[in-house]
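Chemist: This is the structure, below, for whatever I ask next.
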Amino acid sequence: MTKSALETVQAFQQSLGSGSADWENLLADNISFIGPVDQVYGKAANIELNKNFFPLIKGYQAKTALENGNHAVMEGSYTISTPTGGTLDLHTVEIFEVSEGQIQNIRIYYDAQAFRTEFSIPLNK
């Protein structure tokens, strides 16, 4: 039996939190990730992006989880390490589209200015 959209996303997040690579199997081959700083397409590009970002995550606090058909929405706050040795609380809303137990699309919304400032990312990236 295929998991619901929310169950798939929760399995994805659980894998991230545990440090396992199981999350990779939950990504569709043609997945798209669209956020205020990065936009990547395809499974390999998503894995590469995430392998660079996930080690920075020091914690995640879930606030709201909603499901509607093949979409799941997660509101929460990531605590991430910054290059200066500090941390940044990144409040996010993530919208996932899931089909047949695999994540097809991810859209993430957060304060990109705070992230860009902490990580010295130019606005034109």
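Ordering of the structure tokens sets the chain letters (A, B, ...); residue numbers start at 1 within each chain; ligands are numbered from 1 in the order shown.
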From a backbone DSSP assignment, name each residue in chain A labelled helix (DSSP H, G or I), as a ChimeraX atom specification.

Modeler: /A:5-18,22-26,43-56,112-119

Chemist: Please, which residues of chain A, numbered as in this document, come out strand (DSSP E) from DSSP, as a VMD selection string?

Modeler: chain A and resid 27 to 34 39 to 41 57 to 68 71 to 81 87 to 99 102 to 109

Chemist: May I ask which of the residues A:Gly69, A:Gly17, A:Gly42, A:Gly59 is the closest one to Val98 of chain A, counting only C-alpha atoms?

Modeler: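 With only C-alpha atoms as the atom set, the closest residue is A:Gly69.
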
Chemist: Just the residues within 10 Å of Asn68 of chain A, please, counting only C-alpha atoms, with nothing from its chain fewer than 6 positions along; format it as a PDB file with N, CA, C and O atoms, in the first residue's frame.

Modeler:
```
ATOM      1  N   SER A   4       0.361   7.883   2.211  1.00  0.00           N
ATOM      2  CA  SER A   4      -0.268   9.154   1.862  1.00  0.00           C
ATOM      3  C   SER A   4       0.830  10.189   1.638  1.00  0.00           C
ATOM      4  O   SER A   4       2.003   9.979   1.975  1.00  0.00           O
ATOM      5  N   ALA A   5       0.447  11.337   1.098  1.00  0.00           N
ATOM      6  CA  ALA A   5       1.414  12.413   0.880  1.00  0.00           C
ATOM      7  C   ALA A   5       2.069  12.818   2.198  1.00  0.00           C
ATOM      8  O   ALA A   5       3.291  12.951   2.279  1.00  0.00           O
ATOM      9  N   LEU A   6       1.275  12.987   3.243  1.00  0.00           N
ATOM     10  CA  LEU A   6       1.820  13.409   4.528  1.00  0.00           C
ATOM     11  C   LEU A   6       2.723  12.326   5.126  1.00  0.00           C
ATOM     12  O   LEU A   6       3.790  12.639   5.662  1.00  0.00           O
ATOM     13  N   GLU A  97       4.545  17.916  -3.298  1.00  0.00           N
ATOM     14  CA  GLU A  97       3.627  17.169  -4.150  1.00  0.00           C
ATOM     15  C   GLU A  97       4.161  15.750  -4.242  1.00  0.00           C
ATOM     16  O   GLU A  97       5.334  15.542  -4.571  1.00  0.00           O
TER      17      GLU A  97
END
```

Chemist: Fewer than 5 positions away in the same chain doesn't count, so skip those; otherwise give me all residues within 7 Å of Gly101 of chain A, counting only C-alpha atoms, as a ChimeraX atom specification.

Modeler: /A:2-3,8,26

Chemist: Have a look at A:Val37, A:Ala11, A:Val93, A:Ile80 and name the one nearest to Lys63 of chain A; count only C-alpha atoms.

Modeler: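 Looking only at the distances to Lys63 of chain A, the closest residue turns out to be A:Val93.
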
Chemist: Between A:Glu75, A:Glu24, A:Glu7, A:Glu118, which one has atoms that come closest to Glu100 of chain A, using only C-alpha atoms?

Modeler: A:Glu7

Chemist: For segment 44-51 of chain A, list every protein, DNA or RNA residue within 8 Å, evaluated using only C-alpha atoms, and leave out those in the same chain fewer than 5 positions away; present the list as a list in words.

Modeler: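 Those residues are Glu24, Asp29, Ile31, Ser32 and Phe33 of chain A.
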
Chemist: Leaving out Ala62 of chain A and any residue of its chain fewer than 6 positions from it, which residues lie within 12 Å of it when counting only C-alpha atoms, given as number ranges by chain?

Modeler: A: 10, 13-14, 73-79, 90-94

Chemist: Kindly indicate which residue among A:Ile95, A:Leu66, A:Val9, A:Ile103 lies nearest to Leu27 of chain A, using only C-alpha atoms for the distances.

Modeler: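 Between A:Ile95, A:Leu66, A:Val9, A:Ile103, the residue approaching Leu27 of chain A most closely is A:Ile103.
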
Chemist: For a quick check of understanding, using only C-alpha atoms, which of A:Tyr110, A:Trp23, A:Tyr41, A:Phe12 has the smallest distance to Asp89 of chain A?

Modeler: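 Ranking A:Tyr110, A:Trp23, A:Tyr41, A:Phe12 by distance to Asp89 of chain A, first place goes to A:Tyr110.
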